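Engineer: My structure is in final-v3.cif, and what it holds is mmCIF, C-alpha atoms:
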data_query
#
loop_
_atom_site.label_atom_id
_atom_site.label_comp_id
_atom_site.auth_asym_id
_atom_site.auth_seq_id
_atom_site.Cartn_x
_atom_site.Cartn_y
_atom_site.Cartn_z
CA VAL A 1 272.72 -19.91 86.36
CA ASP A 2 275.39 -22.63 86.08
CA GLY A 3 275.11 -23.30 89.81
CA THR A 4 271.34 -23.71 89.52
CA ASP A 5 271.76 -26.13 86.62
CA ASN A 6 274.24 -28.24 88.58
CA THR A 7 271.97 -28.35 91.63
CA VAL A 8 269.09 -29.59 89.51
CA ASP A 9 271.35 -32.18 87.85
CA ARG A 10 272.34 -33.55 91.26
CA ALA A 11 268.74 -33.58 92.41
CA GLY A 12 267.42 -35.76 89.66
CA GLY A 13 269.17 -35.52 86.35
CA LYS A 14 268.12 -34.22 82.97
CA ASP A 15 264.44 -35.27 83.19
CA GLN A 16 263.85 -33.36 86.41
CA LYS A 17 265.75 -30.36 85.06
CA ASP A 18 263.52 -30.26 81.98
CA GLU A 19 260.44 -30.66 84.16
CA LEU A 20 261.45 -27.75 86.41
CA ARG A 21 262.26 -25.54 83.42
CA SER A 22 258.84 -26.27 81.95
CA LEU A 23 257.24 -25.45 85.28
CA ALA A 24 259.17 -22.18 85.49
CA ASP A 25 258.16 -21.25 81.95
CA ALA A 26 254.49 -21.97 82.76
CA ARG A 27 254.66 -19.75 85.86
CA PHE A 28 256.25 -16.92 83.88
CA THR A 29 253.50 -17.24 81.25
CA LYS A 30 250.88 -17.05 84.00
CA ALA A 31 252.58 -13.97 85.42
CA ASP A 32 252.54 -12.40 81.95
CA ASN A 33 248.78 -12.94 81.74
CA ILE A 34 248.36 -11.01 84.97
CA ASN A 35 250.78 -8.19 84.12
CA GLN A 36 252.47 -8.01 80.71
CA VAL A 37 254.80 -5.14 81.65
CA ASN A 38 256.41 -6.50 84.82
CA PRO A 39 260.22 -6.13 84.45
CA MET A 40 260.95 -8.96 86.89
CA THR A 41 258.99 -11.38 84.69
CA TRP A 42 261.12 -10.29 81.74
CA ILE A 43 264.29 -10.76 83.78
CA GLY A 44 263.14 -14.22 84.89
CA LYS A 45 262.40 -15.23 81.31
CA GLY A 46 265.77 -13.90 80.24
CA MET A 47 267.57 -15.96 82.89
CA LEU A 48 265.58 -19.07 81.97
CA ASN A 49 266.51 -18.71 78.29
CA LEU A 50 270.13 -18.00 79.23
CA ALA A 51 270.23 -21.25 81.19
CA MET A 52 268.91 -23.05 78.12
CA ASN A 53 271.53 -21.39 75.85
CA LYS A 54 268.79 -19.60 73.90
CA MET A 55 270.79 -16.45 73.40
CA ASP A 56 268.45 -14.62 71.00
CA GLN A 57 265.50 -15.04 73.34
CA ALA A 58 267.61 -14.02 76.36
CA ARG A 59 268.81 -10.93 74.51
CA PHE A 60 265.21 -10.00 73.66
CA PHE A 61 264.11 -10.05 77.31
CA PHE A 62 267.23 -8.37 78.71
CA GLU A 63 267.94 -5.78 76.03
CA GLN A 64 264.86 -5.21 73.87
CA LEU A 65 262.36 -5.25 76.73
CA THR A 66 263.95 -4.54 80.11
CA LEU A 67 266.81 -2.19 79.25
CA LYS A 68 264.84 -0.24 76.66
CA GLN A 69 261.66 0.00 78.71
CA CYS A 70 263.12 0.42 82.21
CA GLY A 71 266.62 1.76 81.65
CA GLU A 72 269.79 0.28 83.14
CA ILE A 73 268.42 -1.75 86.02
CA LEU A 74 270.82 -4.10 87.77
CA PRO A 75 269.36 -7.55 86.88
CA ALA A 76 269.21 -6.68 83.18
CA LEU A 77 272.81 -5.42 83.14
CA ILE A 78 274.06 -8.56 84.88
CA GLY A 79 271.96 -10.78 82.61
CA MET A 80 273.35 -9.11 79.49
CA ALA A 81 276.89 -9.36 80.89
CA ALA A 82 276.47 -13.09 81.57
CA MET A 83 275.08 -13.58 78.06
CA LYS A 84 278.02 -11.73 76.47
CA PHE A 85 280.44 -13.84 78.51
CA MET A 86 278.78 -17.06 77.35
CA GLU A 87 279.05 -15.79 73.76
CA LYS A 88 282.79 -15.21 74.40
CA GLU A 89 282.42 -11.47 73.87
CA TYR A 90 284.55 -10.83 76.94
CA ARG A 91 285.22 -7.13 76.41
CA ASP A 92 281.50 -6.39 76.14
CA ALA A 93 280.87 -8.54 79.23
CA GLN A 94 283.57 -6.65 81.12
CA GLU A 95 282.04 -3.30 80.15
CA LEU A 96 278.55 -4.36 81.24
CA TYR A 97 279.78 -5.71 84.59
CA ALA A 98 281.70 -2.44 85.09
CA ARG A 99 278.56 -0.40 84.37
CA ALA A 100 276.59 -2.49 86.86
CA MET A 101 279.24 -1.92 89.56
CA ALA A 102 279.49 1.81 88.84
CA LYS A 103 275.73 2.36 88.85
CA PHE A 104 274.98 -0.01 91.74
CA PRO A 105 278.19 -0.18 93.82
CA VAL A 106 276.56 -1.88 96.82
CA GLU A 107 273.61 -3.74 95.32
CA SER A 108 275.74 -5.39 92.61
CA GLY A 109 277.53 -7.35 95.33
CA ALA A 110 280.33 -9.90 95.17
CA ALA A 111 278.93 -11.96 92.29
CA THR A 112 279.25 -9.04 89.85
CA ARG A 113 282.91 -8.60 90.86
CA VAL A 114 283.47 -12.28 90.16
CA GLY A 115 281.92 -11.88 86.72
CA PHE A 116 284.09 -8.84 86.07
CA GLY A 117 287.15 -10.77 87.24
CA MET A 118 286.36 -13.68 84.93
CA ALA A 119 286.06 -11.30 81.98
CA CYS A 120 289.40 -9.69 82.92
CA TYR A 121 291.02 -13.12 83.12
CA LYS A 122 289.73 -14.08 79.67
CA LEU A 123 291.18 -10.81 78.32
CA GLY A 124 294.58 -11.58 79.86
CA GLN A 125 294.27 -8.85 82.50
CA ILE A 126 295.49 -11.03 85.35
CA ASP A 127 296.18 -8.27 87.91
CA ARG A 128 292.72 -6.78 87.37
CA ALA A 129 291.18 -10.23 87.70
CA LYS A 130 292.99 -10.81 91.01
CA ALA A 131 291.87 -7.42 92.30
CA ALA A 132 288.26 -8.13 91.33
CA PHE A 133 288.26 -11.57 93.02
CA ARG A 134 289.84 -10.09 96.16
CA ARG A 135 287.23 -7.32 96.27
CA ALA A 136 284.49 -9.94 95.89
CA HIS A 137 286.06 -11.92 98.75
CA ASP A 138 286.17 -8.78 100.92
CA MET A 139 282.47 -8.20 100.27
CA ASP A 140 281.51 -11.83 100.83
CA PRO A 141 284.18 -14.02 102.51
CA GLU A 142 282.11 -17.13 101.70
CA ASN A 143 281.83 -16.50 97.97
CA VAL A 144 283.15 -19.78 96.55
CA GLU A 145 283.89 -18.44 93.07
CA ALA A 146 285.97 -15.60 94.51
CA LEU A 147 287.96 -17.99 96.70
CA VAL A 148 288.63 -20.31 93.78
CA GLY A 149 289.53 -17.41 91.48
CA ILE A 150 292.11 -16.06 93.92
CA ALA A 151 293.52 -19.53 94.60
CA VAL A 152 293.86 -20.48 90.93
CA LEU A 153 295.59 -17.23 89.97
CA GLU A 154 297.90 -17.42 92.99
CA MET A 155 298.69 -21.03 92.08
CA ALA A 156 299.64 -19.96 88.56
CA SER A 157 302.14 -17.47 89.97
CA LEU A 158 303.88 -19.95 92.28
CA ASP A 159 306.59 -20.68 89.71
CA ASP A 160 307.78 -17.08 90.03
CA VAL A 161 308.48 -17.49 93.77
CA LEU A 162 312.14 -18.35 94.37
CA ASP A 163 312.35 -18.24 98.16
CA PRO A 164 311.42 -21.72 99.56
CA ARG A 165 309.78 -20.32 102.71
CA GLU A 166 307.70 -17.84 100.73
CA TYR A 167 306.73 -20.64 98.31
CA ARG A 168 305.54 -22.89 101.17
CA ALA A 169 303.63 -20.07 102.84
CA LYS A 170 301.93 -19.11 99.59
CA ALA A 171 301.09 -22.73 98.74
CA GLU A 172 299.60 -23.29 102.20
CA ASN A 173 297.46 -20.17 101.87
CA ILE A 174 296.17 -21.38 98.49
CA ILE A 175 295.10 -24.72 99.96
CA LYS A 176 293.44 -22.92 102.89
CA MET A 177 291.35 -20.90 100.46
CA ILE A 178 290.33 -23.96 98.45
CA SER A 179 289.55 -25.87 101.66
CA MET A 180 287.42 -22.94 102.87
CA ALA A 181 285.56 -22.96 99.55
CA ASN A 182 284.92 -26.69 100.03
CA LEU A 183 283.54 -26.07 103.53
CA VAL A 184 281.14 -23.47 102.17
CA ASP A 185 280.06 -25.63 99.22
CA HIS A 186 281.21 -29.24 99.35
CA THR A 187 279.44 -29.97 96.05
CA ASN A 188 281.44 -27.52 93.93
CA ALA A 189 283.11 -29.68 91.27
CA MET A 190 285.96 -27.27 90.53
CA VAL A 191 286.88 -27.05 94.22
CA GLN A 192 286.75 -30.84 94.62
CA ASN A 193 289.04 -31.36 91.62
CA HIS A 194 291.58 -28.89 92.99
CA LEU A 195 291.54 -30.61 96.37
CA ALA A 196 291.82 -34.03 94.73
CA ASN A 197 294.93 -32.84 92.90
CA HIS A 198 296.37 -31.46 96.14
CA TYR A 199 295.88 -34.71 98.04
CA PHE A 200 297.24 -36.74 95.13
CA TRP A 201 300.62 -35.06 95.62
CA LYS A 202 300.46 -34.58 99.40
CA TRP A 203 302.27 -36.98 101.75
CA THR A 204 300.24 -37.48 104.93
CA PRO A 205 302.33 -38.18 108.06
CA VAL A 206 301.57 -41.46 109.85
CA PRO A 207 301.79 -41.11 113.66
CA GLY A 208 304.67 -43.13 115.10
CA THR A 209 308.07 -44.23 113.82
CA VAL A 210 309.57 -47.29 112.10
CA GLU A 211 312.85 -49.20 112.03
CA VAL A 212 314.38 -51.16 109.17
CA ASP A 213 317.52 -53.20 108.45
CA VAL A 214 319.65 -52.70 105.36
CA GLY A 215 318.53 -54.95 102.50
CA SER A 216 315.28 -55.94 104.26
CA ASN A 217 311.73 -55.50 102.98
CA HIS A 218 310.09 -55.96 106.39
CA ILE A 219 309.42 -52.82 108.43
CA LYS A 220 308.76 -52.71 112.18
CA GLY A 221 306.99 -49.77 113.75
CA ASN A 222 304.82 -48.36 116.51
CA MET A 223 302.23 -46.69 114.26
CA SER A 224 298.79 -45.88 115.65
CA ILE A 225 297.12 -46.93 112.39
CA ASN A 226 297.45 -50.07 110.29
CA LEU A 227 298.67 -49.91 106.71
CA GLU A 228 296.92 -51.83 103.95
CA PRO A 229 298.39 -53.67 100.95
CA GLY A 230 298.62 -51.23 98.07
CA ASP A 231 299.26 -48.17 100.26
CA ARG A 232 301.95 -45.94 98.78
CA ILE A 233 304.36 -44.89 101.53
CA ARG A 234 307.52 -42.90 102.07
CA ILE A 235 310.06 -43.87 104.73
CA GLY A 236 312.30 -41.00 105.77
CA HIS A 237 312.70 -38.29 103.16
CA GLU A 238 313.78 -40.32 100.13
CA PHE A 239 312.54 -43.93 100.06
CA GLU A 240 309.18 -44.43 98.33
CA THR A 241 307.53 -47.81 97.89
CA TYR A 242 304.29 -49.77 98.31
CA VAL A 243 302.95 -51.95 101.11
CA VAL A 244 302.45 -55.55 99.91
CA LYS A 245 300.50 -58.43 101.41
CA ASP A 246 302.30 -60.94 103.65
CA ASP A 247 300.05 -63.44 105.45
CA SER A 248 302.96 -64.74 107.53
CA ILE A 249 303.08 -61.51 109.61
CA ARG A 250 300.85 -61.80 112.68
CA ASP A 251 301.77 -59.04 115.14
CA GLY A 252 298.70 -56.85 114.93
CA GLY A 253 299.94 -54.61 112.13
CA LYS A 254 303.15 -53.42 113.78
CA THR A 255 305.23 -55.13 111.11
CA PHE A 256 304.52 -54.85 107.39
CA LYS A 257 306.16 -55.85 104.14
CA ILE A 258 307.19 -53.45 101.38
CA LYS A 259 307.67 -54.03 97.67
CA ASP A 260 311.31 -52.88 97.52
CA ASN A 261 314.25 -53.72 99.77
CA TRP A 262 315.59 -50.96 101.99
CA LYS A 263 318.75 -49.69 100.24
CA PHE A 264 320.10 -47.45 103.01
CA PRO A 265 321.95 -48.33 106.24
CA SER A 266 319.89 -49.85 109.06
CA ALA A 267 318.02 -47.15 110.97
CA THR A 268 315.48 -46.60 113.76
CA GLY A 269 313.12 -43.77 114.62
CA LEU A 270 312.31 -43.08 110.96
CA LYS A 271 309.23 -41.07 110.12
CA LEU A 272 306.59 -42.53 107.85
CA TRP A 273 304.22 -40.89 105.35
CA LYS A 274 301.48 -42.29 103.12
CA LYS A 275 299.34 -41.15 100.22
CA ASP A 276 295.66 -40.64 101.04
CA TYR A 277 294.36 -41.98 97.73
CA ASP A 278 290.96 -42.80 99.25
CA ARG A 279 290.38 -39.08 99.74
CA VAL A 280 291.49 -38.37 96.17
CA LEU A 281 289.01 -40.94 94.85
CA SER A 282 286.19 -39.58 96.98
CA LEU A 283 286.78 -35.99 95.87
CA ALA A 284 287.18 -36.85 92.18
CA LYS A 285 284.05 -39.02 92.15
CA GLY A 286 282.13 -36.29 93.95
CA ALA A 287 283.34 -33.70 91.42
CA TYR A 288 282.30 -35.88 88.48
CA SER A 289 278.80 -36.37 89.90
CA ALA A 290 278.38 -32.71 90.85
CA THR A 291 278.58 -31.23 87.37
CA ASN A 292 277.46 -31.76 83.79
CA ILE A 293 280.31 -29.71 82.29
CA PRO A 294 282.42 -32.08 80.12
CA GLU A 295 285.74 -30.30 80.75
CA ILE A 296 285.38 -30.56 84.52
CA GLN A 297 284.21 -34.17 84.32
CA ALA A 298 287.24 -34.98 82.14
CA GLU A 299 289.53 -33.54 84.82
CA SER A 300 287.78 -35.71 87.43
CA LEU A 301 288.29 -38.82 85.31
CA TYR A 302 291.96 -37.92 84.90
CA MET A 303 292.30 -37.77 88.71
CA LEU A 304 290.69 -41.17 89.06
CA ALA A 305 292.92 -42.66 86.35
CA ARG A 306 296.06 -41.39 88.05
CA VAL A 307 295.14 -43.16 91.28
CA TYR A 308 294.12 -46.43 89.61
#
Rewrite the structure from the file as structure tokens, please.
Structural biologist:
Amino acid sequence: VDGTDNTVDRAGGKDQKDELRSLADARFTKADNINQVNPMTWIGKGMLNLAMNKMDQARFFFEQLTLKQCGEILPALIGMAAMKFMEKEYRDAQELYARAMAKFPVESGAATRVGFGMACYKLGQIDRAKAAFRRAHDMDPENVEALVGIAVLEMASLDDVLDPREYRAKAENIIKMISMANLVDHTNAMVQNHLANHYFWKWTPVPGTVEVDVGSNHIKGNMSINLEPGDRIRIGHEFETYVVKDDSIRDGGKTFKIKDNWKFPSATGLKLWKKDYDRVLSLAKGAYSATNIPEIQAESLYMLARVY
């Protein structure tokens, strides 16, 4: 339901979303006139009301009509579980998702495992949440929510890893999962924010090497790309600074000026890294535009502010 809302928001904003909801409601009413006891019409109306945060109406269609008239059919169980989750009744949501999985182990699919995992997470059952997200990923390797769920929980446990090699391997695997999620759905705001945060901290190697004299703020190199004023760079493993403008340099970009003087002995063959802030800006702006959830938009704005 949230994903559908976001897609409509991107397509044309609030006016188009309201127009499509009205159209859906009219079609459901027409379906009711043809057959007043069709469970799928009830389910559709329940989902529509759930998307509009009309919980009492959603409960009526899921519980009072569908579940009472048709028994525990899968869409009604999932709809009730989603409603309970939105009402922050996480234990009830967990129980309903569990019933859906037990009664329909195959048909319930990966999405139900994600819902179950989210309920477990809200209840502080982290290991159960991880297991649920991993099971969802096994069932559907391209399920974005499962990939993000695994990545976020693994990220939270990084502080417990003491071995540097294990830490690097685990961190790389987390980024691979988030990158995979972005490939599957490049409009997912949560994924874009996580990637923006990753690239904010990541140093990107610049092909080539540089040389610098002690006390100088002019760097000579054989880089394959030109650096721009304002680029944040790192020379070697310790020296961080910014590229500044110098109109007197005219050698095709092989020499550039830095803000701070080089404080180490003269050296050649030094490696160079830079921050890819353009990518951070692109991801954060994309995340902000891709959602109407204030908390996620606030995170996007925070990413933008850090770069600026």
Engineer: Please expand the PyMOL selection byres ((chain A and resi 75) around 9) into the concrete residues it hits in this file, giving the result as a PyMOL selection string.
Structural biologist: chain A and resi 40+43+62+72-74+76-80+100+108
Engineer: To verify the selection step, state as a compact mmCIF listing (two decimals) with C-alpha atoms, in the frame of the given file which residues the PyMOL selection byres ((chain A and resi 52) around 12) yields on this input.
Structural biologist:
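Okay, selection14.txt is ready:
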# COMPACT_ATOMS: atom_id res chain seq x y z
CA VAL A 1 272.72 -19.91 86.36
CA ASP A 2 275.39 -22.63 86.08
CA THR A 4 271.34 -23.71 89.52
CA ASP A 5 271.76 -26.13 86.62
CA LYS A 17 265.75 -30.36 85.06
CA ASP A 18 263.52 -30.26 81.98
CA ARG A 21 262.26 -25.54 83.42
CA SER A 22 258.84 -26.27 81.95
CA ASP A 25 258.16 -21.25 81.95
CA LYS A 45 262.40 -15.23 81.31
CA GLY A 46 265.77 -13.90 80.24
CA MET A 47 267.57 -15.96 82.89
CA LEU A 48 265.58 -19.07 81.97
CA ASN A 49 266.51 -18.71 78.29
CA LEU A 50 270.13 -18.00 79.23
CA ALA A 51 270.23 -21.25 81.19
CA ASN A 53 271.53 -21.39 75.85
CA LYS A 54 268.79 -19.60 73.90
CA MET A 55 270.79 -16.45 73.40
CA ASP A 56 268.45 -14.62 71.00
CA GLN A 57 265.50 -15.04 73.34
CA ALA A 58 267.61 -14.02 76.36
CA MET A 83 275.08 -13.58 78.06
CA MET A 86 278.78 -17.06 77.35
Engineer: Would you pick out the contacts of Glu238 (chain A) at 12 Å or less, using all atoms listed in the file, so that residues sharing its chain but fewer than 2 positions from it are not included, and give the list as number ranges by chain?
Structural biologist: A: 233-236, 240-241, 262-264, 270-273
Engineer: Which value, in Å to one decimal, gives the distance between CA of Ala146 (chain A) and CA of Ala82 (chain A)?
Structural biologist: 16.2 Å
Engineer: Which residues of region 258-305 of chain A have any atom within 12 Å of an atom in region 175-194 of chain A when counting only C-alpha atoms, and what is the closest pair of atoms for each, with the distance in Å to one decimal? Order the rows by chain and rising number and write it as a tab-separated table.
Structural biologist:
residue	atom	partner	partner_atom	distance
A:Arg279	CA	A:Gln192	CA	10.4
A:Val280	CA	A:Asn193	CA	8.7
A:Leu281	CA	A:Asn193	CA	10.1
A:Ser282	CA	A:Gln192	CA	9.1
A:Leu283	CA	A:Gln192	CA	5.3
A:Ala284	CA	A:Asn193	CA	5.8
A:Lys285	CA	A:Gln192	CA	9.0
A:Gly286	CA	A:Gln192	CA	7.2
A:Ala287	CA	A:Ala189	CA	4.0
A:Tyr288	CA	A:Ala189	CA	6.8
A:Ser289	CA	A:Ala189	CA	8.1
A:Ala290	CA	A:Ala189	CA	5.6
A:Thr291	CA	A:Ala189	CA	6.2
A:Asn292	CA	A:Ala189	CA	9.6
A:Ile293	CA	A:Ala189	CA	9.4
A:Pro294	CA	A:Ala189	CA	11.4
A:Glu295	CA	A:Met190	CA	10.2
A:Ile296	CA	A:Met190	CA	6.9
A:Gln297	CA	A:Ala189	CA	8.3
A:Ala298	CA	A:Asn193	CA	10.3
A:Glu299	CA	A:Asn193	CA	7.2
A:Ser300	CA	A:Asn193	CA	6.2
A:Leu301	CA	A:Asn193	CA	9.8
A:Tyr302	CA	A:Asn193	CA	9.8
A:Met303	CA	A:Asn193	CA	7.8
A:Leu304	CA	A:Asn193	CA	10.3
Engineer: Take the residues that were just selected and, keeping C-alpha atoms, output them as an mmCIF file, keeping the file's coordinate frame.
Structural biologist:
data_model
loop_
_atom_site.group_PDB
_atom_site.id
_atom_site.type_symbol
_atom_site.label_atom_id
_atom_site.label_comp_id
_atom_site.auth_asym_id
_atom_site.auth_seq_id
_atom_site.Cartn_x
_atom_site.Cartn_y
_atom_site.Cartn_z
ATOM 1 C CA ARG A 279 290.380 -39.080 99.740
ATOM 2 C CA VAL A 280 291.490 -38.370 96.170
ATOM 3 C CA LEU A 281 289.010 -40.940 94.850
ATOM 4 C CA SER A 282 286.190 -39.580 96.980
ATOM 5 C CA LEU A 283 286.780 -35.990 95.870
ATOM 6 C CA ALA A 284 287.180 -36.850 92.180
ATOM 7 C CA LYS A 285 284.050 -39.020 92.150
ATOM 8 C CA GLY A 286 282.130 -36.290 93.950
ATOM 9 C CA ALA A 287 283.340 -33.700 91.420
ATOM 10 C CA TYR A 288 282.300 -35.880 88.480
ATOM 11 C CA SER A 289 278.800 -36.370 89.900
ATOM 12 C CA ALA A 290 278.380 -32.710 90.850
ATOM 13 C CA THR A 291 278.580 -31.230 87.370
ATOM 14 C CA ASN A 292 277.460 -31.760 83.790
ATOM 15 C CA ILE A 293 280.310 -29.710 82.290
ATOM 16 C CA PRO A 294 282.420 -32.080 80.120
ATOM 17 C CA GLU A 295 285.740 -30.300 80.750
ATOM 18 C CA ILE A 296 285.380 -30.560 84.520
ATOM 19 C CA GLN A 297 284.210 -34.170 84.320
ATOM 20 C CA ALA A 298 287.240 -34.980 82.140
ATOM 21 C CA GLU A 299 289.530 -33.540 84.820
ATOM 22 C CA SER A 300 287.780 -35.710 87.430
ATOM 23 C CA LEU A 301 288.290 -38.820 85.310
ATOM 24 C CA TYR A 302 291.960 -37.920 84.900
ATOM 25 C CA MET A 303 292.300 -37.770 88.710
ATOM 26 C CA LEU A 304 290.690 -41.170 89.060
#
Engineer: Can you measure CA of Arg27 (chain A) to CA of Gly44 (chain A) for me? One decimal in Å is fine.
Structural biologist: 10.2 Å
Engineer: Check the smallest atom-to-atom distance from each of A:Leu147, A:Val214, A:Leu158, A:Leu195 to Asn261 (chain A) using only C-alpha atoms, then report the winner.
Structural biologist: A:Val214
Engineer: Expand the PyMOL selection byres ((chain A and resi 224) around 12) into the individual residues it matches in the shown file, reporting them as a list of chain:residue names.
Structural biologist: A:Pro205, A:Val206, A:Pro207, A:Gly208, A:Thr209, A:Val210, A:Gly221, A:Asn222, A:Met223, A:Ile225, A:Asn226, A:Leu227, A:Gly252, A:Gly253, A:Lys254, A:Leu272
Engineer: How about saving the chosen residues, C-alpha atoms kept, as a PDB file, in the frame of the given file?
Structural biologist:
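result17.pdb was written with the following content:
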ATOM      1  CA  PRO A 205     302.330 -38.180 108.060  1.00  0.00           C
ATOM      2  CA  VAL A 206     301.570 -41.460 109.850  1.00  0.00           C
ATOM      3  CA  PRO A 207     301.790 -41.110 113.660  1.00  0.00           C
ATOM      4  CA  GLY A 208     304.670 -43.130 115.100  1.00  0.00           C
ATOM      5  CA  THR A 209     308.070 -44.230 113.820  1.00  0.00           C
ATOM      6  CA  VAL A 210     309.570 -47.290 112.100  1.00  0.00           C
ATOM      7  CA  GLY A 221     306.990 -49.770 113.750  1.00  0.00           C
ATOM      8  CA  ASN A 222     304.820 -48.360 116.510  1.00  0.00           C
ATOM      9  CA  MET A 223     302.230 -46.690 114.260  1.00  0.00           C
ATOM     10  CA  ILE A 225     297.120 -46.930 112.390  1.00  0.00           C
ATOM     11  CA  ASN A 226     297.450 -50.070 110.290  1.00  0.00           C
ATOM     12  CA  LEU A 227     298.670 -49.910 106.710  1.00  0.00           C
ATOM     13  CA  GLY A 252     298.700 -56.850 114.930  1.00  0.00           C
ATOM     14  CA  GLY A 253     299.940 -54.610 112.130  1.00  0.00           C
ATOM     15  CA  LYS A 254     303.150 -53.420 113.780  1.00  0.00           C
ATOM     16  CA  LEU A 272     306.590 -42.530 107.850  1.00  0.00           C
TER      17      LEU A 272
END
Engineer: Taking 3 positions as the minimum chain separation for residues in the same chain, which residues sit within 8 Å of Ser266 (chain A) when counting all atoms listed in the file? Answer as number ranges by chain.
Structural biologist: A: 211-214
Engineer: How would the residues just picked look written out with C-alpha atoms as a PDB file, in the frame of the given file?
Structural biologist:
ATOM      1  CA  GLU A 211     312.850 -49.200 112.030  1.00  0.00           C
ATOM      2  CA  VAL A 212     314.380 -51.160 109.170  1.00  0.00           C
ATOM      3  CA  ASP A 213     317.520 -53.200 108.450  1.00  0.00           C
ATOM      4  CA  VAL A 214     319.650 -52.700 105.360  1.00  0.00           C
TER       5      VAL A 214
END
Engineer: Using only C-alpha atoms for the distances, tell me which of A:Arg91, A:Lys84, A:Lys274, A:Lys257 is nearest to Tyr121 (chain A).
Structural biologist: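 Nearest candidate to Tyr121 (chain A) out of A:Arg91, A:Lys84, A:Lys274, A:Lys257: A:Arg91.
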Engineer: Which one is closest to Met155 (chain A): A:Asp278, A:Glu142, A:Asp32, A:Glu172? Count all atoms listed in the file.
Structural biologist: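 For Met155 (chain A), the nearest of the given residues is A:Glu172.
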Engineer: From the options A:Ala267, A:Glu228, A:Lys259, A:Phe61, which residue's atoms come nearest to Tyr242 (chain A), counting all atoms listed in the file?
Structural biologist: A:Lys259
Engineer: Report, in Å to a single decimal, how far apart CA of Ala24 (chain A) and CA of Asn38 (chain A) are.
Structural biologist: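 Going from CA of Asn38 (chain A) over to CA of Ala24 (chain A) covers 15.9 Å.
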Engineer: Using only C-alpha atoms, find the one residue out of A:Ile34, A:Ala98, A:Leu123, A:Ala196 that sits nearest to Arg306 (chain A).
Structural biologist: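 Of all the options, A:Ala196 lies closest to Arg306 (chain A).
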